[in-house]
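Below is the file my_file22.txt, which contains compact mmCIF, C-alpha atoms.
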```txt
# COMPACT_ATOMS: atom_id res chain seq x y z
CA MET A 29 -73.60 -252.83 149.25
CA PRO A 30 -70.65 -251.36 151.20
CA PRO A 31 -70.97 -248.04 153.05
CA SER A 32 -70.64 -245.01 150.80
CA CYS A 33 -71.28 -241.92 152.94
CA VAL A 34 -70.47 -240.41 156.33
CA HIS A 35 -72.42 -238.71 159.08
CA PHE A 36 -71.23 -236.63 162.01
CA ASN A 37 -73.42 -236.60 165.09
CA GLY A 38 -72.53 -233.09 166.19
CA SER A 39 -69.85 -232.41 168.77
CA VAL A 40 -66.16 -232.30 167.86
CA ASN A 41 -63.45 -231.45 170.39
CA LEU A 42 -61.68 -228.76 168.38
CA PRO A 43 -61.20 -225.07 169.26
CA ASP A 44 -64.00 -223.50 167.22
CA ALA A 45 -66.56 -223.98 164.48
CA GLU A 46 -64.30 -222.90 161.63
CA THR A 47 -61.60 -225.38 162.65
CA VAL A 48 -64.20 -228.16 162.82
CA MET A 49 -65.56 -227.41 159.36
CA ARG A 50 -62.14 -227.09 157.77
CA GLU A 51 -60.85 -230.30 159.35
CA ILE A 52 -63.86 -232.39 158.37
CA ALA A 53 -64.03 -231.00 154.83
CA SER A 54 -60.32 -231.60 154.22
CA ARG A 55 -60.01 -235.03 155.87
CA VAL A 56 -63.32 -236.54 154.71
CA PRO A 57 -63.83 -235.09 151.22
CA ALA A 58 -65.99 -237.94 149.88
CA GLY A 59 -69.38 -239.06 151.12
CA LEU A 60 -70.01 -235.89 153.13
CA ARG A 61 -73.64 -234.70 152.96
CA ARG A 62 -74.01 -232.57 156.09
CA LEU A 63 -71.50 -230.65 158.14
CA PRO A 64 -71.90 -229.75 161.84
CA ASP A 65 -70.25 -226.86 163.63
CA GLY A 66 -68.83 -229.16 166.30
CA GLU A 67 -70.95 -227.77 169.16
CA THR A 68 -67.84 -226.07 170.47
CA GLY A 69 -67.57 -223.72 173.45
CA ASP A 70 -70.55 -223.68 175.81
CA ARG A 71 -72.33 -226.41 173.82
CA GLY A 72 -69.42 -228.84 174.18
CA SER A 73 -71.06 -230.97 176.86
CA TRP A 74 -74.41 -231.46 175.12
CA ILE A 75 -77.35 -230.52 177.36
CA PHE A 76 -75.17 -228.99 180.08
CA PHE A 77 -75.62 -225.99 177.75
CA GLN A 78 -79.29 -225.92 178.68
CA LEU A 79 -78.55 -226.23 182.39
CA GLN A 80 -76.40 -223.10 182.05
CA LYS A 81 -79.33 -221.28 180.46
CA PHE A 82 -81.80 -222.45 183.08
CA ARG A 83 -79.53 -221.28 185.89
CA GLN A 84 -79.54 -217.77 184.42
CA SER A 85 -83.25 -217.49 185.16
CA PRO A 86 -84.46 -216.35 188.62
CA ALA A 87 -87.39 -218.71 188.13
CA PHE A 88 -85.14 -221.65 189.05
CA VAL A 89 -83.20 -222.49 192.20
CA PRO A 90 -80.90 -225.45 192.99
CA ASP A 91 -82.62 -228.60 194.18
CA GLN A 92 -79.78 -231.12 194.21
CA ASP A 93 -76.03 -230.86 193.76
CA GLY A 94 -74.42 -233.09 191.17
CA GLY A 95 -72.28 -236.10 191.88
CA LYS A 96 -68.95 -236.97 190.34
CA PRO A 97 -68.59 -237.03 186.53
CA GLY A 98 -70.17 -240.20 185.23
CA ASP A 99 -72.57 -240.54 188.14
CA PHE A 100 -75.88 -240.85 186.29
CA GLN A 101 -77.88 -241.01 189.49
CA ARG A 102 -76.76 -237.64 190.85
CA LEU A 103 -76.84 -235.14 188.01
CA PRO A 104 -77.50 -231.62 189.37
CA LYS A 105 -81.17 -230.69 189.57
CA ILE A 106 -83.06 -227.40 189.70
CA ARG A 107 -86.66 -226.60 190.63
CA LEU A 108 -89.04 -223.69 190.41
CA ALA A 109 -88.42 -220.93 192.92
CA GLU A 110 -91.05 -220.21 195.55
CA GLY A 111 -93.95 -218.24 194.11
CA ILE A 112 -93.25 -219.25 190.49
CA SER A 113 -96.14 -221.05 188.84
CA PRO A 114 -95.57 -223.41 185.91
CA ASP A 115 -98.26 -221.48 184.04
CA SER A 116 -96.44 -218.17 184.47
CA LEU A 117 -92.91 -219.43 183.77
CA GLU A 118 -91.04 -217.65 180.98
CA TRP A 119 -88.14 -219.72 179.76
CA PRO A 120 -84.84 -217.91 179.20
CA ASP A 121 -83.31 -217.64 175.73
CA LEU A 122 -82.29 -221.24 175.07
CA GLY A 123 -79.38 -220.12 172.91
CA TYR A 124 -79.36 -222.56 170.01
CA ALA A 125 -80.68 -220.22 167.31
CA SER A 126 -78.13 -217.50 168.01
CA ALA A 127 -75.21 -219.94 168.26
CA TYR A 128 -76.11 -221.74 165.04
CA ALA A 129 -76.76 -218.48 163.19
CA GLU A 130 -73.19 -217.42 163.96
CA SER A 131 -71.85 -220.77 162.78
CA TYR A 132 -73.89 -220.60 159.60
CA GLU A 133 -72.10 -217.40 158.64
CA ILE A 134 -68.82 -219.33 158.84
CA PHE A 135 -70.30 -222.23 156.89
CA SER A 136 -71.57 -219.87 154.19
CA ARG A 137 -68.18 -218.18 153.84
CA LEU A 138 -66.29 -221.48 153.64
CA SER A 139 -68.77 -222.78 151.08
CA ALA A 140 -68.29 -219.67 148.92
CA ASP A 141 -64.52 -220.10 149.21
CA GLY A 142 -64.73 -223.71 148.00
CA VAL A 143 -63.51 -225.17 151.30
CA ILE A 144 -66.82 -227.00 151.78
CA PRO A 145 -67.91 -229.12 148.78
CA PRO A 146 -71.00 -228.08 146.79
CA GLY A 147 -74.25 -229.60 147.96
CA VAL A 148 -73.17 -230.11 151.59
CA ARG A 149 -75.72 -228.77 154.08
CA PHE A 150 -75.14 -227.05 157.41
CA GLN A 151 -76.24 -229.48 160.12
CA VAL A 152 -77.65 -228.34 163.45
CA ALA A 153 -78.45 -230.61 166.40
CA TYR A 154 -81.11 -230.11 169.05
CA PRO A 155 -81.78 -232.26 172.09
CA THR A 156 -85.27 -233.65 172.28
CA PRO A 157 -87.34 -231.62 174.77
CA LEU A 158 -87.45 -234.59 177.12
CA ALA A 159 -83.67 -234.68 177.59
CA PRO A 160 -83.02 -231.38 179.44
CA VAL A 161 -86.26 -231.64 181.42
CA ARG A 162 -85.59 -235.19 182.62
CA SER A 163 -81.92 -234.43 183.27
CA TRP A 164 -82.06 -231.06 185.04
CA ILE A 165 -85.54 -230.46 186.43
CA ALA A 166 -86.51 -231.92 189.81
CA ALA A 167 -88.88 -234.87 189.47
CA GLY A 168 -91.82 -233.02 190.97
CA HIS A 169 -91.75 -230.36 188.27
CA GLN A 170 -90.88 -232.41 185.17
CA ASP A 171 -94.35 -233.29 183.93
CA GLU A 172 -95.74 -229.80 184.48
CA LEU A 173 -92.84 -228.11 182.66
CA LEU A 174 -92.24 -230.47 179.74
CA GLY A 175 -94.94 -228.97 177.52
CA SER A 176 -93.84 -225.36 177.97
CA TYR A 177 -90.17 -226.24 177.48
CA GLU A 178 -91.05 -228.14 174.32
CA ARG A 179 -92.78 -225.04 172.97
CA ALA A 180 -89.78 -222.88 173.88
CA LEU A 181 -87.34 -225.25 172.18
CA PHE A 182 -89.49 -225.51 169.06
CA SER A 183 -89.71 -221.70 169.01
CA ASP A 184 -85.90 -221.51 169.11
CA LEU A 185 -85.74 -223.85 166.12
CA GLN A 186 -88.23 -221.74 164.19
CA GLN A 187 -86.14 -218.64 164.90
CA LEU A 188 -83.15 -220.40 163.38
CA LEU A 189 -85.09 -221.63 160.36
CA ALA A 190 -86.18 -218.05 159.69
CA LEU A 191 -82.51 -217.03 159.49
CA VAL A 192 -81.00 -219.82 157.37
CA PRO A 193 -82.08 -220.73 153.81
CA HIS A 194 -84.00 -223.99 153.88
CA ASP A 195 -81.95 -225.45 151.05
CA ARG A 196 -78.74 -225.07 153.09
CA ILE A 197 -79.67 -226.56 156.47
CA ALA A 198 -80.45 -229.96 158.04
CA VAL A 199 -81.79 -230.65 161.55
CA GLN A 200 -80.81 -233.56 163.79
CA TRP A 201 -82.69 -234.51 166.94
CA ASP A 202 -80.52 -236.17 169.59
CA VAL A 203 -82.47 -239.11 171.02
CA ALA A 204 -80.59 -240.39 174.07
CA VAL A 205 -82.55 -239.97 177.30
CA GLU A 206 -85.43 -241.79 175.60
CA PHE A 207 -83.34 -244.93 175.17
CA GLY A 208 -82.32 -244.80 178.80
CA ILE A 209 -86.02 -244.84 179.70
CA LEU A 210 -87.04 -247.52 177.21
CA GLU A 211 -84.13 -249.82 178.06
CA GLY A 212 -84.67 -249.49 181.79
CA ALA A 213 -81.49 -247.63 182.77
CA ARG A 214 -83.20 -246.48 185.99
CA GLY A 215 -85.82 -249.14 186.39
CA ALA A 216 -88.70 -250.47 184.34
CA PRO A 217 -90.22 -247.88 181.98
CA PRO A 218 -93.58 -246.53 183.14
CA PRO A 219 -96.77 -247.72 181.39
CA GLY A 220 -97.26 -246.01 178.04
CA ALA A 221 -93.68 -244.73 177.91
CA PHE A 222 -92.98 -246.10 174.42
CA ASP A 223 -96.07 -244.52 172.86
CA GLU A 224 -95.39 -241.19 174.61
CA ILE A 225 -91.79 -241.18 173.39
CA VAL A 226 -92.80 -241.99 169.82
CA ALA A 227 -95.39 -239.19 169.89
CA GLY A 228 -92.79 -236.75 171.24
CA LEU A 229 -90.26 -237.68 168.55
CA ALA A 230 -92.93 -237.34 165.87
CA ARG A 231 -93.64 -233.82 167.12
CA CYS A 232 -89.92 -233.03 166.84
CA ILE A 233 -89.69 -234.28 163.27
CA GLY A 234 -92.91 -232.46 162.44
CA GLN A 235 -91.37 -229.13 163.43
CA VAL A 236 -88.97 -229.30 160.49
CA PRO A 237 -90.26 -228.03 157.12
CA ILE A 238 -90.44 -230.60 154.35
CA ARG A 239 -87.63 -228.94 152.37
CA VAL A 240 -85.27 -229.30 155.32
CA PRO A 241 -83.80 -232.76 156.03
CA ALA A 242 -84.75 -233.95 159.52
CA GLY A 243 -82.98 -236.85 161.21
CA MET A 244 -82.47 -238.65 164.50
CA HIS A 245 -79.35 -239.66 166.36
CA LEU A 246 -80.34 -242.89 168.13
CA CYS A 247 -77.96 -242.71 171.07
CA TYR A 248 -77.22 -244.67 174.24
CA GLY A 249 -75.13 -241.90 175.76
CA ASP A 250 -71.47 -241.24 176.35
CA TYR A 251 -71.48 -239.34 179.65
CA GLY A 252 -68.34 -240.35 181.54
CA HIS A 253 -67.56 -242.60 178.54
CA ARG A 254 -70.36 -244.96 179.50
CA HIS A 255 -73.66 -245.84 177.90
CA LEU A 256 -76.84 -245.09 179.82
CA VAL A 257 -77.42 -248.83 179.49
CA GLU A 258 -75.49 -251.28 177.34
CA PRO A 259 -77.52 -252.15 174.22
CA THR A 260 -77.81 -255.88 173.60
CA SER A 261 -79.07 -255.51 170.03
CA LEU A 262 -80.43 -253.00 167.53
CA ALA A 263 -83.99 -254.10 168.31
CA MET A 264 -85.08 -251.01 170.25
CA GLN A 265 -83.48 -248.62 167.78
CA VAL A 266 -85.19 -250.36 164.87
CA ARG A 267 -88.52 -250.35 166.71
CA VAL A 268 -88.29 -246.63 167.49
CA LEU A 269 -87.36 -245.71 163.92
CA ASN A 270 -90.15 -247.88 162.51
CA GLU A 271 -92.81 -246.39 164.75
CA VAL A 272 -91.73 -242.76 164.41
CA SER A 273 -91.54 -243.21 160.62
CA ALA A 274 -95.14 -244.47 160.66
CA ALA A 275 -96.29 -241.60 162.88
CA VAL A 276 -95.00 -238.67 160.81
CA SER A 277 -96.36 -237.22 157.59
CA ARG A 278 -92.91 -236.67 156.08
CA ALA A 279 -89.91 -238.91 155.59
CA ILE A 280 -87.24 -239.07 158.28
CA SER A 281 -84.23 -238.00 156.25
CA PHE A 282 -81.50 -239.81 158.19
CA ALA A 283 -80.93 -241.92 161.28
CA ALA A 284 -77.70 -242.80 163.08
CA PHE A 285 -77.57 -246.11 164.97
CA THR A 286 -75.47 -247.00 168.02
CA VAL A 287 -73.03 -249.88 167.54
CA PRO A 288 -70.60 -250.46 170.45
CA GLN A 289 -67.10 -250.82 169.03
CA TYR A 290 -66.62 -254.30 170.50
CA GLN A 291 -69.90 -255.63 169.08
CA ARG A 292 -69.48 -258.29 166.36
CA ASP A 293 -72.28 -260.69 167.27
CA ALA A 294 -74.76 -261.40 164.48
CA ASP A 295 -77.63 -261.31 166.97
CA TYR A 296 -76.91 -257.65 167.66
CA PHE A 297 -77.51 -256.72 164.01
CA ALA A 298 -80.22 -259.25 163.14
CA PRO A 299 -83.12 -256.89 164.11
CA LEU A 300 -82.31 -254.89 160.99
CA ARG A 301 -84.34 -257.54 159.17
CA GLU A 302 -87.41 -255.86 160.72
CA LEU A 303 -86.55 -252.36 159.53
CA ARG A 304 -89.41 -250.68 157.68
CA ALA A 305 -87.92 -247.23 157.21
CA ASP A 306 -88.83 -245.13 154.21
CA GLU A 307 -86.50 -245.77 151.27
CA ARG A 308 -85.59 -242.06 151.42
CA THR A 309 -84.16 -242.43 154.94
CA GLU A 310 -80.37 -242.46 154.98
CA LEU A 311 -79.02 -244.95 157.53
CA TYR A 312 -75.72 -244.56 159.36
CA PHE A 313 -74.08 -247.05 161.70
CA ALA A 314 -71.41 -246.39 164.31
CA VAL A 315 -68.72 -248.65 162.89
CA VAL A 316 -66.05 -245.94 163.32
CA PRO A 317 -64.45 -246.93 166.66
CA TYR A 318 -63.24 -244.29 169.09
CA HIS A 319 -60.34 -246.53 170.11
CA PRO A 320 -59.42 -248.79 167.18
CA ALA A 321 -56.31 -250.12 168.95
CA ASP A 322 -58.58 -251.64 171.60
CA GLN A 323 -60.81 -253.35 169.06
CA GLU A 324 -60.41 -256.98 168.11
CA PRO A 325 -58.86 -257.12 164.61
CA GLY A 326 -61.42 -257.46 161.86
CA THR A 327 -64.33 -256.18 163.96
CA THR A 328 -65.22 -253.21 161.74
CA ALA A 329 -65.14 -255.38 158.61
CA LYS A 330 -67.40 -257.96 160.26
CA GLN A 331 -69.81 -255.26 161.45
CA ILE A 332 -70.05 -253.95 157.90
CA ARG A 333 -70.77 -257.41 156.50
CA LEU A 334 -73.51 -258.04 159.06
CA ILE A 335 -75.17 -254.66 158.52
CA ASP A 336 -75.11 -255.15 154.78
CA ARG A 337 -76.54 -258.66 155.08
CA TYR A 338 -79.47 -257.78 157.35
CA LEU A 339 -80.35 -254.53 155.58
CA ALA A 340 -80.67 -256.50 152.36
CA GLU A 341 -83.10 -258.88 154.12
CA SER A 342 -85.28 -256.07 155.52
CA PRO A 343 -88.67 -255.08 154.06
CA ALA A 344 -87.11 -251.73 153.21
CA GLY A 345 -84.50 -253.52 151.11
CA ILE A 346 -82.07 -250.68 151.72
CA GLY A 347 -78.77 -250.93 149.88
CA GLU A 348 -76.86 -247.69 150.34
CA TRP A 349 -75.83 -246.76 153.87
CA GLY A 350 -73.11 -244.89 155.72
CA ILE A 351 -70.84 -244.74 158.75
CA CYS A 352 -70.45 -242.60 161.88
CA THR A 353 -69.16 -242.73 165.45
CA GLU A 354 -71.47 -243.72 168.32
CA CYS A 355 -71.90 -240.20 169.67
CA GLY A 356 -70.16 -237.04 168.62
CA MET A 357 -66.48 -236.42 169.19
CA GLY A 358 -66.87 -233.86 171.96
CA ARG A 359 -65.35 -236.16 174.59
CA VAL A 360 -62.54 -237.48 172.40
CA GLU A 361 -59.10 -236.16 173.36
CA ARG A 362 -58.36 -233.22 171.09
CA GLU A 363 -55.14 -234.69 169.72
CA GLU A 364 -57.05 -237.82 168.67
CA VAL A 365 -59.66 -236.00 166.56
CA PRO A 366 -57.62 -235.74 163.31
CA GLY A 367 -56.89 -239.47 163.34
CA LEU A 368 -60.53 -240.28 164.02
CA LEU A 369 -61.62 -238.12 161.08
CA ASP A 370 -59.06 -239.86 158.89
CA LEU A 371 -60.47 -243.22 160.01
CA HIS A 372 -63.85 -242.30 158.45
CA ARG A 373 -62.12 -241.82 155.11
CA GLN A 374 -60.07 -245.00 155.48
CA ILE A 375 -63.10 -247.18 156.27
CA LEU A 376 -64.95 -245.88 153.23
CA ALA A 377 -61.90 -246.42 151.03
CA ALA A 378 -61.44 -249.97 152.30
CA ASN A 379 -64.97 -250.90 151.30
```

I need this file expressed as structure tokens, please.
Amino acid sequence: MPPSCVHFNGSVNLPDAETVMREIASRVPAGLRRLPDGETGDRGSWIFFQLQKFRQSPAFVPDQDGGKPGDFQRLPKIRLAEGISPDSLEWPDLGYASAYAESYEIFSRLSADGVIPPGVRFQVAYPTPLAPVRSWIAAGHQDELLGSYERALFSDLQQLLALVPHDRIAVQWDVAVEFGILEGARGAPPPGAFDEIVAGLARCIGQVPIRVPAGMHLCYGDYGHRHLVEPTSLAMQVRVLNEVSAAVSRAISFAAFTVPQYQRDADYFAPLRELRADERTELYFAVVPYHPADQEPGTTAKQIRLIDRYLAESPAGIGEWGICTECGMGRVEREEVPGLLDLHRQILAAN
């Protein structure tokens, strides 16, 4: 069955939330189920938003300066200030609830005006708790702060869910740092890492009420326009989705898979035969290339055929599926965004 719907992973390099919503709704009118606010402004560089918040707290001081953009080994680090105990730390306002509440007001107005199609939900995206802690906190403090940061992030989500009607919102968890760990981007994963990551993702999904769709963006990163590690197949993404699906008491509503735009090898897609996701889980694959002119002709069509073939062979027997880009569009040149949105519509129309 050819792809029939679209998913947007969050960030869009446009001036503001209203522009993002208007552009997506007008350029991709069919197959749209959820609409992000584009993570514009301070949220434009994903979890750098959290580093900004951490730095506002006197509880943290610099530990390491960052390297050049794209240098994964030398991201800036912070640590607890002298005299601050992990047990007494009070996290600053993490900022997601207030930012998304403002964007929801825009979404609500555009929905009432008929700009956004009926039935489309407002989509918010949160990093998994592991991502900001692993990225910004000095190694010696990561384990002792992860639990309290997780509670603070979950509290921020609950604040948001108290402000937005549950029949109008959907929650995406951005799963990127986890794949860097599991795929050995910085060395072999520590013992028990897979089980710990699955348990952490299950806690994230479990924070979302049953009436609210909850999904995962299975991401290999796009910092400096590079993956954390180059995926050789969909095997790890399939394994993670299978295990998290088995660990939660509710269905995972949607999942977005990474597909490098050059990838047309059947072996990359073959692990989909092992997919055991719930039949209610919407699946999206990154067959919308950021740079179509650099892609070998016919690649997207071949990707679609392979995905369709292996999904049909899976135990889940999933037929309907959709398309997306690998990450968001926050690092796409602004003048390229309209054409990339149009490409979503064109790929659906061609299939």

What separates CA of Ser54 in chain A and CA of Arg373 in chain A is a distance of 10.4 Å

Tell me which protein, DNA and RNA residues are within 8 Å of Ile332 in chain A, counting all atoms listed in the file, leaving out same-chain ones fewer than 5 positions away, and put them as a PDB file with C-alpha atoms, in the frame of the given file.
```
ATOM      1  CA  PRO A  30     -70.650-251.360 151.200  1.00  0.00           C
ATOM      2  CA  PRO A  31     -70.970-248.040 153.050  1.00  0.00           C
ATOM      3  CA  VAL A 315     -68.720-248.650 162.890  1.00  0.00           C
TER       4      VAL A 315
END
```

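Considering the residues A:Ala274, A:Val205, A:Glu341, A:Gly350 and counting only C-alpha atoms, His255 in chain A has its shortest atom-to-atom contact with A:Val205.
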
Who sits within 9 Å of Ala340 in chain A, all atoms listed in the file, same chain under 5 positions skipped, as a ChimeraX atom specification: /A:29,300-301,335,345-347

Those same residues, written as a PDB file, keeping the file's coordinate frame with C-alpha atoms?
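Written out: selection-v9.pdb:
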```
ATOM      1  CA  MET A  29     -73.600-252.830 149.250  1.00  0.00           C
ATOM      2  CA  LEU A 300     -82.310-254.890 160.990  1.00  0.00           C
ATOM      3  CA  ARG A 301     -84.340-257.540 159.170  1.00  0.00           C
ATOM      4  CA  ILE A 335     -75.170-254.660 158.520  1.00  0.00           C
ATOM      5  CA  GLY A 345     -84.500-253.520 151.110  1.00  0.00           C
ATOM      6  CA  ILE A 346     -82.070-250.680 151.720  1.00  0.00           C
ATOM      7  CA  GLY A 347     -78.770-250.930 149.880  1.00  0.00           C
TER       8      GLY A 347
END
```

Contacts of Gln187 in chain A at 10 Å (all atoms listed in the file; same-chain gap of 6+ positions) as a PyMOL selection string: chain A and resi 124-126+129+181

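Relative to CA of Glu324 in chain A, CA of Gln289 in chain A is found at 9.1 Å.
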
Select, from A:Val40, A:Ile280, A:Val257, A:Ala275, the residue with the minimum atom-to-atom distance to Pro237 in chain A, counting all atoms listed in the file.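 Using all atoms listed in the file, Pro237 in chain A sits closest to A:Ile280.
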
Could you name the residues that touch Ser277 in chain A at 9 Å or less, counting all atoms listed in the file, but leaving out those on the same chain fewer than 4 positions away, as a PyMOL selection string? chain A and resi 230+234+273

Using N, CA and C atoms, give me range 138-157 of chain A from the structure I just pasted, as a JSON list (two decimals), in the first residue's frame.
```
[["chain", "number", "residue", "atom", "x", "y", "z"],
["A", 138, "LEU", "N", -6.33, 29.54, 14.34],
["A", 138, "LEU", "CA", -6.27, 29.14, 12.93],
["A", 138, "LEU", "C", -7.23, 28.00, 12.63],
["A", 139, "SER", "N", -7.44, 27.12, 13.61],
["A", 139, "SER", "CA", -8.42, 26.05, 13.43],
["A", 139, "SER", "C", -9.83, 26.63, 13.33],
["A", 140, "ALA", "N", -10.15, 27.58, 14.19],
["A", 140, "ALA", "CA", -11.48, 28.21, 14.17],
["A", 140, "ALA", "C", -11.71, 28.96, 12.87],
["A", 141, "ASP", "N", -10.62, 29.51, 12.31],
["A", 141, "ASP", "CA", -10.73, 30.27, 11.06],
["A", 141, "ASP", "C", -10.74, 29.38, 9.83],
["A", 142, "GLY", "N", -10.59, 28.08, 10.01],
["A", 142, "GLY", "CA", -10.61, 27.15, 8.88],
["A", 142, "GLY", "C", -9.29, 27.03, 8.15],
["A", 143, "VAL", "N", -8.24, 27.65, 8.67],
["A", 143, "VAL", "CA", -6.92, 27.54, 8.05],
["A", 143, "VAL", "C", -6.36, 26.14, 8.24],
["A", 144, "ILE", "N", -6.55, 25.58, 9.43],
["A", 144, "ILE", "CA", -6.11, 24.23, 9.75],
["A", 144, "ILE", "C", -7.30, 23.29, 9.58],
["A", 145, "PRO", "N", -7.13, 22.19, 8.84],
["A", 145, "PRO", "CA", -8.26, 21.28, 8.58],
["A", 145, "PRO", "C", -8.84, 20.68, 9.85],
["A", 146, "PRO", "N", -10.12, 20.36, 9.86],
["A", 146, "PRO", "CA", -10.75, 19.72, 11.02],
["A", 146, "PRO", "C", -10.06, 18.39, 11.35],
["A", 147, "GLY", "N", -9.96, 18.09, 12.62],
["A", 147, "GLY", "CA", -9.40, 16.82, 13.05],
["A", 147, "GLY", "C", -7.90, 16.81, 13.25],
["A", 148, "VAL", "N", -7.20, 17.85, 12.77],
["A", 148, "VAL", "CA", -5.75, 17.92, 12.94],
["A", 148, "VAL", "C", -5.44, 18.33, 14.38],
["A", 149, "ARG", "N", -4.51, 17.64, 15.00],
["A", 149, "ARG", "CA", -4.12, 17.93, 16.38],
["A", 149, "ARG", "C", -2.88, 18.83, 16.43],
["A", 150, "PHE", "N", -2.76, 19.54, 17.53],
["A", 150, "PHE", "CA", -1.57, 20.34, 17.82],
["A", 150, "PHE", "C", -0.50, 19.40, 18.38],
["A", 151, "GLN", "N", 0.65, 19.36, 17.71],
["A", 151, "GLN", "CA", 1.72, 18.44, 18.10],
["A", 151, "GLN", "C", 2.83, 19.17, 18.84],
["A", 152, "VAL", "N", 3.17, 18.65, 20.01],
["A", 152, "VAL", "CA", 4.30, 19.18, 20.77],
["A", 152, "VAL", "C", 5.40, 18.12, 20.80],
["A", 153, "ALA", "N", 6.64, 18.57, 20.93],
["A", 153, "ALA", "CA", 7.77, 17.64, 20.96],
["A", 153, "ALA", "C", 8.64, 17.94, 22.18],
["A", 154, "TYR", "N", 8.96, 16.89, 22.91],
["A", 154, "TYR", "CA", 9.84, 16.98, 24.06],
["A", 154, "TYR", "C", 11.07, 16.11, 23.82],
["A", 155, "PRO", "N", 12.24, 16.55, 24.27],
["A", 155, "PRO", "CA", 13.38, 15.63, 24.26],
["A", 155, "PRO", "C", 13.18, 14.59, 25.34],
["A", 156, "THR", "N", 13.72, 13.41, 25.16],
["A", 156, "THR", "CA", 13.73, 12.48, 26.27],
["A", 156, "THR", "C", 14.60, 13.07, 27.38],
["A", 157, "PRO", "N", 14.35, 12.74, 28.64],
["A", 157, "PRO", "CA", 15.17, 13.30, 29.71],
["A", 157, "PRO", "C", 16.66, 13.03, 29.56]]
```
